[in-house]
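One file, start20.cif, carrying mmCIF, C-alpha atoms:
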data_coords
#
loop_
_atom_site.label_atom_id
_atom_site.label_comp_id
_atom_site.auth_asym_id
_atom_site.auth_seq_id
_atom_site.Cartn_x
_atom_site.Cartn_y
_atom_site.Cartn_z
CA MET F 20 126.19 85.81 96.60
CA VAL F 21 123.49 84.97 94.14
CA ALA F 22 121.17 84.59 97.06
CA LEU F 23 122.16 88.01 98.26
CA ALA F 24 122.07 89.89 95.07
CA SER F 25 120.08 93.03 95.37
CA ALA F 26 117.18 93.35 93.01
CA VAL F 27 116.37 96.93 92.68
CA THR F 28 116.60 96.68 88.98
CA VAL F 29 116.31 100.03 87.49
CA ALA F 30 114.01 99.31 84.66
CA GLY F 31 113.66 102.67 83.15
CA ALA F 32 112.29 105.04 85.67
CA VAL F 33 112.22 105.10 89.37
CA THR F 34 108.71 104.64 90.52
CA GLY F 35 107.96 107.89 91.81
CA THR F 36 111.32 109.19 90.86
CA ILE F 37 109.64 112.12 89.53
CA SER F 38 106.68 110.70 87.94
CA ALA F 39 105.23 114.08 88.00
CA LEU F 40 107.95 115.18 85.73
CA ASP F 41 108.17 111.87 84.11
CA HIS F 42 108.04 108.54 85.82
CA GLY F 43 109.07 105.58 86.53
CA ARG F 44 112.54 97.99 92.53
CA GLY F 45 112.71 93.96 94.91
CA SER F 46 115.13 91.16 95.91
CA ASP F 47 116.02 87.78 97.30
CA GLN F 48 116.13 89.77 100.38
CA ALA F 49 114.33 92.88 99.59
CA LEU F 50 112.74 94.97 96.92
CA ARG F 51 111.75 98.58 96.52
CA SER F 52 109.16 100.86 95.18
CA GLU F 53 107.96 104.33 94.71
CA VAL F 54 105.27 106.89 93.82
CA THR F 55 101.61 107.69 93.37
CA ARG F 56 99.89 110.79 92.15
CA THR F 57 96.78 112.96 91.98
CA PRO F 58 95.72 115.59 89.54
CA THR F 59 98.08 118.51 89.88
CA PRO F 60 96.70 121.99 89.95
CA ALA F 61 99.69 123.25 88.05
CA PRO F 62 102.19 121.48 85.86
CA LEU F 63 105.56 120.67 87.33
CA PRO F 64 108.66 121.98 85.64
CA ALA F 65 109.67 119.99 82.62
CA VAL F 66 112.73 117.98 83.40
CA PRO F 67 114.28 114.80 82.13
CA SER F 68 112.59 111.68 83.36
CA PRO F 69 114.16 110.10 86.40
CA THR F 70 114.11 106.42 86.70
CA SER F 71 111.31 104.04 87.24
CA SER F 72 111.23 101.93 90.28
CA PRO F 73 114.21 99.62 90.29
CA PRO F 74 113.15 96.08 89.82
CA SER F 75 114.23 94.62 93.03
CA PRO F 76 117.18 95.48 95.18
CA SER F 77 118.24 93.34 98.02
CA ARG F 78 117.41 89.69 98.17
CA THR F 79 118.39 86.57 99.96
CA THR F 80 116.82 83.41 101.14
CA GLY F 81 118.35 82.12 104.27
CA THR F 82 121.99 83.00 104.07
CA PRO F 83 123.58 85.96 105.88
CA THR F 84 121.60 88.12 103.54
CA ALA F 85 118.02 87.13 103.13
CA ALA F 86 114.37 88.07 102.27
CA PRO F 87 111.15 90.03 103.59
CA GLU F 88 107.62 90.62 105.64
CA HIS F 89 105.09 93.04 108.11
CA ARG F 90 102.42 94.64 111.31
CA VAL F 91 100.74 97.66 113.77
CA PRO F 92 97.94 98.68 116.31
CA ALA F 93 94.70 100.63 116.03
CA PRO F 94 91.90 101.78 118.27
CA ALA F 95 88.89 99.67 117.42
CA PRO F 96 86.34 97.72 119.40
CA THR F 97 87.52 94.45 117.96
CA ARG F 98 90.85 93.12 116.73
CA THR F 99 89.38 92.75 113.29
CA ALA F 100 88.18 96.33 113.16
CA ALA F 101 91.45 97.59 114.53
CA ARG F 102 93.35 95.60 111.97
CA LYS F 103 91.26 97.04 109.17
CA SER F 104 91.69 100.63 110.27
CA ARG F 105 95.43 100.18 110.45
CA THR F 106 95.70 99.25 106.83
CA THR F 107 93.23 101.80 105.48
CA THR F 108 94.02 105.02 107.35
CA VAL F 109 96.49 107.20 105.50
CA THR F 110 98.26 110.10 107.15
CA PRO F 111 97.43 113.41 105.48
CA LEU F 112 101.03 114.52 105.95
CA LEU F 113 102.85 112.35 103.43
CA TYR F 114 103.09 113.52 99.84
CA ARG F 115 101.62 111.69 96.89
CA LEU F 116 103.32 112.60 93.65
CA PRO F 117 100.78 113.56 91.00
CA GLY F 118 102.50 111.42 88.41
CA SER F 119 103.34 107.71 88.52
CA GLN F 120 103.11 104.57 86.47
CA VAL F 121 100.08 103.30 88.38
CA LEU F 122 98.22 106.58 87.90
CA ASP F 123 99.05 106.59 84.22
CA TRP F 124 97.62 103.08 83.92
CA VAL F 125 94.50 104.03 85.88
CA ARG F 126 93.83 107.05 83.68
CA ALA F 127 94.31 104.99 80.56
CA HIS F 128 92.03 102.15 81.76
CA PRO F 129 88.98 103.70 83.46
CA ASP F 130 86.75 100.79 82.47
CA ASP F 131 89.07 97.95 83.46
CA PRO F 132 87.34 95.86 86.18
CA ARG F 133 90.55 96.04 88.27
CA THR F 134 90.83 99.82 88.22
CA ALA F 135 88.62 100.73 91.19
CA LEU F 136 90.44 98.41 93.57
CA ILE F 137 93.88 99.47 92.35
CA VAL F 138 92.89 103.11 92.80
CA SER F 139 91.48 102.71 96.31
CA ARG F 140 94.22 100.49 97.71
CA ILE F 141 97.35 101.54 95.80
CA ALA F 142 97.09 104.60 93.56
CA ASP F 143 95.51 106.81 96.21
CA ARG F 144 98.33 106.28 98.70
CA PRO F 145 101.50 108.32 99.14
CA ALA F 146 104.72 106.61 98.12
CA ALA F 147 108.41 107.34 97.74
CA VAL F 148 110.00 109.00 94.74
CA TRP F 149 113.15 107.32 93.43
CA PHE F 150 116.09 109.08 91.75
CA THR F 151 118.31 106.63 89.90
CA ASP F 152 119.86 108.57 87.03
CA PRO F 153 123.45 109.32 88.11
CA ALA F 154 123.77 112.38 85.87
CA PRO F 155 124.23 115.40 88.18
CA ASP F 156 123.09 118.06 85.71
CA THR F 157 119.35 117.42 86.06
CA VAL F 158 118.85 115.83 89.47
CA ALA F 159 118.64 119.12 91.40
CA ALA F 160 115.72 120.28 89.24
CA ARG F 161 113.97 116.94 89.55
CA VAL F 162 114.31 116.88 93.32
CA ARG F 163 113.22 120.50 93.56
CA ALA F 164 110.07 119.77 91.54
CA VAL F 165 109.04 117.13 94.07
CA THR F 166 109.93 119.09 97.20
CA ALA F 167 108.26 122.23 95.88
CA GLY F 168 105.11 120.29 95.01
CA ALA F 169 105.02 118.80 98.51
CA ALA F 170 105.65 122.17 100.16
CA ALA F 171 102.78 123.72 98.21
CA GLU F 172 100.46 121.10 99.73
CA GLY F 173 102.02 121.25 103.20
CA ARG F 174 103.06 117.61 102.98
CA VAL F 175 106.20 115.57 103.51
CA PRO F 176 107.84 113.92 100.49
CA VAL F 177 109.84 110.69 100.71
CA LEU F 178 112.90 110.72 98.42
CA VAL F 179 115.14 107.79 97.51
CA PRO F 180 118.62 108.62 96.15
CA TYR F 181 119.75 105.43 94.39
CA ALA F 182 122.93 106.04 92.42
CA ILE F 183 125.79 104.64 94.50
CA PRO F 184 128.61 103.15 92.38
CA ASP F 185 128.44 99.34 92.02
CA ARG F 186 124.76 99.56 92.85
CA ASP F 187 123.24 96.16 93.56
CA CYS F 188 126.75 94.73 93.17
CA GLY F 189 126.19 94.71 89.42
CA GLY F 190 122.97 92.69 89.72
CA ALA F 191 119.54 93.36 88.25
CA SER F 192 119.61 96.94 89.48
CA GLY F 193 123.25 97.47 88.60
CA GLY F 194 124.48 100.84 87.55
CA GLY F 195 124.90 104.05 89.47
CA ALA F 196 127.57 106.71 89.31
CA PRO F 197 130.87 105.71 87.67
CA ASP F 198 132.89 106.31 90.85
CA LEU F 199 132.59 107.84 94.30
CA ALA F 200 133.86 111.25 93.19
CA ALA F 201 131.04 111.40 90.65
CA TYR F 202 128.60 110.16 93.28
CA ASP F 203 129.66 112.89 95.71
CA ALA F 204 129.01 115.48 93.01
CA TRP F 205 125.61 113.91 92.32
CA ILE F 206 124.67 114.09 96.01
CA ASP F 207 125.75 117.73 96.07
CA ALA F 208 123.33 118.40 93.22
CA PHE F 209 120.58 116.27 94.81
CA ALA F 210 120.91 118.28 98.02
CA ARG F 211 120.43 121.54 96.17
CA GLY F 212 116.89 120.50 95.34
CA LEU F 213 115.82 119.71 98.90
CA GLY F 214 114.34 123.11 99.68
CA SER F 215 113.73 124.12 103.29
CA GLY F 216 110.70 122.06 104.24
CA GLU F 217 110.53 118.73 106.01
CA VAL F 218 111.60 115.84 103.81
CA ILE F 219 112.42 112.17 104.41
CA VAL F 220 115.46 110.74 102.62
CA ILE F 221 115.85 106.96 102.28
CA LEU F 222 119.57 107.01 101.48
CA GLU F 223 120.71 104.32 99.04
CA PRO F 224 118.78 101.08 99.67
CA ASP F 225 121.05 98.01 99.96
CA SER F 226 124.17 100.17 99.98
CA ILE F 227 125.22 99.03 103.46
CA ALA F 228 123.57 95.63 103.92
CA LEU F 229 124.84 94.46 100.53
CA SER F 230 128.32 95.97 100.86
CA GLY F 231 129.87 92.56 101.51
CA CYS F 232 130.35 92.16 97.76
CA LEU F 233 133.00 94.90 97.89
CA SER F 234 136.66 94.63 98.89
CA ASP F 235 137.50 95.95 102.36
CA ALA F 236 138.96 99.11 100.86
CA ALA F 237 136.03 99.69 98.53
CA ARG F 238 133.54 99.10 101.32
CA ALA F 239 135.33 101.57 103.62
CA ALA F 240 135.33 104.15 100.83
CA ARG F 241 131.62 103.61 100.17
CA LEU F 242 130.71 103.99 103.84
CA ALA F 243 132.80 107.16 104.08
CA SER F 244 130.97 108.53 101.03
CA LEU F 245 127.60 107.72 102.61
CA ALA F 246 128.66 109.58 105.77
CA ARG F 247 129.58 112.54 103.60
CA ALA F 248 126.24 112.30 101.82
CA GLY F 249 124.37 112.57 105.10
CA ARG F 250 126.33 115.67 106.08
CA THR F 251 125.71 117.23 102.67
CA LEU F 252 121.95 116.62 102.83
CA LYS F 253 121.69 118.00 106.37
CA ALA F 254 123.76 121.06 105.52
CA ALA F 255 121.49 121.82 102.57
CA ASN F 256 118.30 121.36 104.58
CA PRO F 257 118.52 120.86 108.37
CA ARG F 258 114.89 119.68 108.33
CA ALA F 259 115.73 116.74 106.10
CA ARG F 260 115.37 113.43 107.96
CA VAL F 261 118.09 111.12 106.68
CA TYR F 262 117.80 107.35 107.21
CA TYR F 263 120.46 104.70 106.49
CA ASP F 264 120.18 101.17 105.11
CA ALA F 265 119.63 98.41 107.70
CA GLY F 266 118.66 95.68 105.24
CA HIS F 267 115.91 93.64 106.88
CA SER F 268 115.30 91.11 109.63
CA GLY F 269 116.24 88.12 107.47
CA TRP F 270 119.60 89.53 106.45
CA ASN F 271 122.57 90.54 108.60
CA PRO F 272 122.54 90.01 112.39
CA PRO F 273 121.75 93.25 114.28
CA GLY F 274 125.29 93.62 115.66
CA LYS F 275 126.93 93.22 112.27
CA GLN F 276 124.53 95.63 110.59
CA ALA F 277 125.00 98.17 113.40
CA ALA F 278 128.78 98.03 113.01
CA LEU F 279 128.48 98.84 109.31
CA LEU F 280 125.99 101.61 110.01
CA ARG F 281 128.31 103.08 112.62
CA GLU F 282 131.13 103.19 110.08
CA ALA F 283 128.81 105.04 107.70
CA GLY F 284 128.09 107.63 110.38
CA ALA F 285 124.40 106.71 110.68
CA ALA F 286 124.29 107.49 114.40
CA SER F 287 124.84 111.17 113.57
CA PHE F 288 121.66 111.46 111.51
CA ASP F 289 118.04 110.39 112.02
CA GLY F 290 118.15 106.62 112.05
CA ILE F 291 117.70 103.58 109.83
CA PHE F 292 115.30 102.05 107.32
CA SER F 293 114.48 98.39 106.68
CA ASN F 294 112.51 96.02 104.46
CA VAL F 295 112.76 98.14 101.32
CA SER F 296 111.25 96.18 98.43
CA ASN F 297 110.92 93.19 100.71
CA PHE F 298 108.15 91.28 102.45
CA ARG F 299 109.21 90.77 106.08
CA THR F 300 106.43 91.26 108.61
CA THR F 301 106.18 94.59 110.33
CA ALA F 302 106.41 92.84 113.70
CA ASP F 303 109.72 91.23 112.72
CA GLU F 304 111.05 94.52 111.38
CA ILE F 305 110.09 96.45 114.52
CA ALA F 306 111.95 93.96 116.71
CA TYR F 307 114.94 93.84 114.39
CA ASP F 308 115.21 97.59 113.94
CA ARG F 309 115.14 98.17 117.69
CA ARG F 310 117.97 95.67 118.15
CA VAL F 311 119.99 97.38 115.44
CA LEU F 312 119.39 100.79 117.01
CA ASP F 313 120.41 99.49 120.45
CA ALA F 314 123.61 98.06 119.00
CA LEU F 315 124.27 101.20 116.97
CA GLY F 316 124.17 103.51 119.96
CA GLY F 317 123.86 107.23 119.45
CA PRO F 318 121.12 109.55 120.72
CA ALA F 319 117.79 108.20 121.94
CA SER F 320 116.12 110.22 119.20
CA LEU F 321 117.36 107.82 116.50
CA GLY F 322 114.45 105.95 114.95
CA ALA F 323 113.55 103.57 112.15
CA VAL F 324 111.24 103.58 109.17
CA ILE F 325 109.85 100.39 107.65
CA ASP F 326 108.71 99.69 104.10
CA THR F 327 105.24 98.12 104.50
CA SER F 328 104.19 98.32 100.87
CA ARG F 329 104.02 94.56 100.22
CA ASN F 330 104.38 92.78 103.55
CA GLY F 331 100.73 92.24 104.44
CA ASN F 332 101.15 88.45 104.28
CA GLY F 333 104.82 88.33 105.12
CA ALA F 334 107.45 86.65 103.00
CA ALA F 335 106.68 83.76 100.67
CA PRO F 336 107.11 80.38 102.41
CA ASP F 337 109.49 79.18 99.71
CA GLY F 338 111.70 82.26 100.00
CA GLN F 339 110.75 83.54 96.53
CA TRP F 340 111.58 87.23 96.23
CA CYS F 341 110.63 88.03 92.66
CA ASP F 342 106.96 89.02 92.49
CA PRO F 343 105.95 86.09 94.72
CA ALA F 344 102.32 85.01 94.58
CA GLY F 345 100.03 85.32 97.58
CA ARG F 346 101.58 88.52 98.93
CA ARG F 347 99.46 91.51 99.98
CA ILE F 348 99.89 95.21 100.47
CA GLY F 349 100.80 96.11 104.03
CA ARG F 350 100.00 98.90 106.41
CA ALA F 351 99.17 102.25 104.97
CA PRO F 352 101.92 104.88 104.93
CA THR F 353 101.91 106.92 108.13
CA LEU F 354 104.15 109.06 110.32
CA ASP F 355 102.21 107.96 113.42
CA THR F 356 103.01 104.32 114.12
CA GLY F 357 102.28 104.25 117.86
CA GLU F 358 105.47 102.22 118.26
CA ALA F 359 108.51 103.40 120.22
CA ARG F 360 111.49 104.24 117.99
CA ILE F 361 109.53 103.47 114.81
CA ASP F 362 109.17 106.81 113.07
CA ALA F 363 107.09 105.78 110.07
CA TYR F 364 105.63 103.06 107.93
CA LEU F 365 106.32 104.03 104.33
CA TRP F 366 105.63 102.68 100.87
CA VAL F 367 109.12 102.82 99.45
CA LYS F 368 108.51 100.14 96.82
CA LEU F 369 105.30 100.88 94.94
CA PRO F 370 102.99 97.83 94.91
CA GLY F 371 102.47 96.64 91.38
CA GLU F 372 105.87 97.64 90.03
CA SER F 373 107.41 94.36 89.01
CA ASP F 374 110.60 92.79 90.32
CA GLY F 375 111.04 91.29 86.87
CA CYS F 376 108.92 88.11 86.97
CA THR F 377 105.34 89.27 86.34
CA GLY F 378 106.55 91.91 83.93
CA THR F 379 109.59 93.93 82.95
CA ALA F 380 111.51 94.89 86.08
CA GLY F 381 110.52 98.28 87.41
CA THR F 382 107.38 98.62 85.31
CA PHE F 383 103.80 98.67 86.54
CA THR F 384 102.04 95.33 86.12
CA PRO F 385 98.28 95.65 86.70
CA SER F 386 97.70 91.94 87.25
CA TYR F 387 100.29 91.85 90.06
CA ALA F 388 99.00 95.10 91.56
CA TYR F 389 95.48 93.68 91.59
CA ASP F 390 96.61 90.48 93.28
CA LEU F 391 98.44 92.48 95.96
CA ALA F 392 95.41 94.70 96.56
CA ARG F 393 92.50 92.29 96.47
CA GLY F 394 93.14 89.93 99.36
CA PRO F 395 92.89 90.75 103.05
CA SER F 396 96.26 91.37 104.63
CA SER F 397 97.30 89.80 107.90
CA SER F 398 97.96 91.81 111.05
CA SER F 399 101.57 90.70 111.04
#

Output the structure of this file as structure tokens.
Amino acid sequence: MVALASAVTVAGAVTGTISALDHGRGSDQALRSEVTRTPTPAPLPAVPSPTSSPPSPSRTTGTPTAAPEHRVPAPAPTRTAARKSRTTTVTPLLYRLPGSQVLDWVRAHPDDPRTALIVSRIADRPAAVWFTDPAPDTVAARVRAVTAGAAAEGRVPVLVPYAIPDRDCGGASGGGAPDLAAYDAWIDAFARGLGSGEVIVILEPDSIALSGCLSDAARAARLASLARAGRTLKAANPRARVYYDAGHSGWNPPGKQAALLREAGAASFDGIFSNVSNFRTTADEIAYDRRVLDALGGPASLGAVIDTSRNGNGAAPDGQWCDPAGRRIGRAPTLDTGEARIDAYLWVKLPGESDGCTGTAGTFTPSYAYDLARGPSSSS
């Protein structure tokens, strides 16, 4: 279980969880991340700060719940050129929050020799916004601030609700709503902020893959609540694209993960997500996600999104999940992957936000961000 513990430690503010209004994940098996920003033409509504990026959610080493990695194609005369364009081209459709920990650091350190590289390879890219505070009274306003900002720019925001009870099984990212009734109320409030534009929802990282820590009854109740959450989000905004937790390729076997997803009603929504806060190669995740989708069944329109924020060199050889050395940023966020059934490559975990080893979990660590950004990434 230690090897499986999720590591999304909520260290204070979800990375992107509304950096624009305030600010502020990883694992043995997976980690997560969040936001980036640009100067905003107009200030966003003042609302309580969300949560920073959780330190590191799902982890694992080689047991039935394990760790992470990454890959994609591009039109270039040579493999090298193609590889480069894949990791540098950013879709203009995804939203970059104008407030985040990395942008705050950049603005405060214009003369730091690491700043230019961090800006060009991390801060300038769109990333997810995490919402980890389980209080329902402010979440609607915080979500609305993000969706309204994205709508004003004609872009698609990526939102991460992360407040399920027994989050991370009480591990580094433990916390969440006090019970499922409170969680249901929180999701109701979250949904009220979705607006009417297109939005991508990464629903509760680790909530399904890591549910083995729960009793059978508690797991069934959680999965039923997640099914309800999907219905609530879709009812509030039919254009919301809701994706469910598939862990990653080093964790549960595809058939087992699909069975859990089916119980959570995932086949009735838009698909699955994998590799959040982890390092598995994109190639491995594509193959794994397709197997999960095949086993899940449902309409052919179901797809998968993959977190490529830190999988440029794949997982660490020794299985280290906490800010492992030698890792690189992965493919740039895009809604055009060129891969069947793979809807998007997203930066769910913001590169540079610590898992808790190079700095305080969930906080931006410039030295780690620089290491992730400076080396060439593989075409995995």

Next item on the list: Give as a list of chain:residue names the residues that the PyMOL selection byres ((chain F and resi 363) around 6) matches when applied to the coordinates above.
Entry: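 Evaluating the PyMOL selection byres ((chain F and resi 363) around 6) on this file yields F:Val324, F:Thr353, F:Leu354, F:Thr356, F:Ile361, F:Asp362, F:Tyr364.
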
Would you put the residues from that selection into a file with C-alpha atoms, as a compact mmCIF listing (two decimals), in the frame of the given file?
# COMPACT_ATOMS: atom_id res chain seq x y z
CA VAL F 324 111.24 103.58 109.17
CA THR F 353 101.91 106.92 108.13
CA LEU F 354 104.15 109.06 110.32
CA THR F 356 103.01 104.32 114.12
CA ILE F 361 109.53 103.47 114.81
CA ASP F 362 109.17 106.81 113.07
CA TYR F 364 105.63 103.06 107.93

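When you apply the PyMOL selection byres ((chain F and resi 138) around 10) to this structure, what comes back is Thr55, Val121, Leu122, Val125, Arg126, Arg133, Thr134, Ala135, Leu136, Ile137, Ser139, Arg140, Ile141, Ala142, Asp143, Arg144, Tyr389 and Ala392 of chain F.
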
Next item on the list: List the neighbours of Thr384 of chain F out to 9 Å using only C-alpha atoms; skip same-chain residues closer than 2 positions along the sequence, and give me the result as a list in words.
Entry: Val121, Gly371, Glu372, Ser373, Thr377, Gly378, Thr379, Thr382, Ser386, Tyr387, Ala388 and Tyr389 of chain F

Check: atom CA of Val158 of chain F and atom CA of Leu113 of chain F are how many Å apart?
Finding: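 Answer for the atom CA of Val158 of chain F to atom CA of Leu113 of chain F separation: 21.5 Å.
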
Notebook entry, point to check: Can you list, as an MDAnalysis selection string, every protein, DNA or RNA residue that comes within 9 Å of Thr251 of chain F when you count all atoms listed in the file, leaving out same-chain residues fewer than 3 positions away?
Noted result: chainID F and resid 206:207 210 246:248 254:256

Margin query: Can you pull out the residues contacting Pro197 of chain F? Cut-off 10 Å, using all atoms listed in the file, and skip same-chain residues under 3 positions away; I want them as a list of chain:residue names.
Written below: F:Pro153, F:Ala154, F:Ala182, F:Ile183, F:Pro184, F:Asp185, F:Gly194, F:Ala200, F:Ala201, F:Tyr202

Note to self: List as a list in words the protein and nucleic acid residues near Glu282 of chain F, meaning an atom at most 10 Å away when only C-alpha atoms are counted, but skip any in the same chain fewer than 3 places from it.
What the structure shows: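 Answer for this query is Ile227, Arg238, Ala239, Arg241, Leu242, Ala243, Leu245, Ala246, Ala277, Ala278, Leu279, Ala285, Ala286 and Leu315 of chain F.
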
Quick one: write out the picked residues with C-alpha atoms as a tab-separated table (two decimals), keeping the file's coordinate frame?
chain	number	residue	atom	x	y	z
F	227	ILE	CA	125.22	99.03	103.46
F	238	ARG	CA	133.54	99.10	101.32
F	239	ALA	CA	135.33	101.57	103.62
F	241	ARG	CA	131.62	103.61	100.17
F	242	LEU	CA	130.71	103.99	103.84
F	243	ALA	CA	132.80	107.16	104.08
F	245	LEU	CA	127.60	107.72	102.61
F	246	ALA	CA	128.66	109.58	105.77
F	277	ALA	CA	125.00	98.17	113.40
F	278	ALA	CA	128.78	98.03	113.01
F	279	LEU	CA	128.48	98.84	109.31
F	285	ALA	CA	124.40	106.71	110.68
F	286	ALA	CA	124.29	107.49	114.40
F	315	LEU	CA	124.27	101.20	116.97

Next item on the list: Would you please work out which residue, of F:Glu223, F:Ala306, F:Trp205, F:Ala167, is nearest to Val179 of chain F when using all atoms listed in the file?
Entry: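 Using all atoms listed in the file, Val179 of chain F sits closest to F:Glu223.
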
Check: How many Å separate atom CA of Val261 of chain F from atom CA of Asp152 of chain F?
Finding: 19.9 Å

Write out as a PDB file with C-alpha atoms, in the coordinates of the input which residues come within 8 Å of Leu222 of chain F when counting all atoms listed in the file, dropping same-chain ones fewer than 3 positions away.
ATOM      1  CA  VAL F 179     115.140 107.790  97.510  1.00  0.00           C
ATOM      2  CA  PRO F 180     118.620 108.620  96.150  1.00  0.00           C
ATOM      3  CA  TYR F 181     119.750 105.430  94.390  1.00  0.00           C
ATOM      4  CA  VAL F 261     118.090 111.120 106.680  1.00  0.00           C
ATOM      5  CA  TYR F 262     117.800 107.350 107.210  1.00  0.00           C
ATOM      6  CA  TYR F 263     120.460 104.700 106.490  1.00  0.00           C
ATOM      7  CA  ASP F 264     120.180 101.170 105.110  1.00  0.00           C
TER       8      ASP F 264
END

Next item on the list: Measure the distance from atom CA of Phe288 of chain F to atom CA of Lys253 of chain F in Å and round it to one decimal.
Entry: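 These two atoms are separated by 8.3 Å.
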
In the coordinates of the file, take the point (105.0, 95.7, 94.3) and a cut-off of 8 Å; then, counting only C-alpha atoms, name each qualifying protein, DNA or RNA residue as a compact mmCIF listing (two decimals) with C-alpha atoms, in the frame of the given file.
# COMPACT_ATOMS: atom_id res chain seq x y z
CA GLY F 45 112.71 93.96 94.91
CA ARG F 51 111.75 98.58 96.52
CA SER F 52 109.16 100.86 95.18
CA SER F 296 111.25 96.18 98.43
CA SER F 328 104.19 98.32 100.87
CA ARG F 329 104.02 94.56 100.22
CA ASP F 342 106.96 89.02 92.49
CA LYS F 368 108.51 100.14 96.82
CA LEU F 369 105.30 100.88 94.94
CA PRO F 370 102.99 97.83 94.91
CA GLY F 371 102.47 96.64 91.38
CA GLU F 372 105.87 97.64 90.03
CA SER F 373 107.41 94.36 89.01
CA ASP F 374 110.60 92.79 90.32
CA TYR F 387 100.29 91.85 90.06
CA ALA F 388 99.00 95.10 91.56
CA LEU F 391 98.44 92.48 95.96

Next item on the list: Determine the nearest neighbour of Pro257 of chain F from the options F:Ser293, F:Gln276, F:Thr166, F:Ser215, counting only C-alpha atoms.
Entry: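 Going through F:Ser293, F:Gln276, F:Thr166, F:Ser215 one by one, the smallest distance to Pro257 of chain F is for F:Ser215.
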
Margin query: Taking all atoms listed in the file into account, name the residue in F:Ile348, F:Ala170, F:Val367, F:Cys341 that is nearest to Asp326 of chain F.
Written below: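 Of all the options, F:Val367 lies closest to Asp326 of chain F.
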
Notebook entry, point to check: Which residue, F:Pro272, F:Phe292, F:Gly284, F:Gly173, has the smallest gap to Pro224 of chain F when you use all atoms listed in the file?
Noted result: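 Counting all atoms listed in the file, the residue closest to Pro224 of chain F is F:Phe292.
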
Kindly list the centre and edge lengths in Å, rounded to one decimal, for the axis-aligned box that covers all listed atoms of segment 325-342 of chain F plus 6 Å on each of its six sides, as lines of an AutoDock Vina configuration file.
center_x = 106.2
center_y = 89.8
center_z = 100.1
size_x = 23.0
size_y = 33.2
size_z = 27.2

Note to self: Nearest residue to Pro176 of chain F out of F:Pro155, F:Pro145, F:Gly193, F:Gly290, using only C-alpha atoms?
What the structure shows: F:Pro145
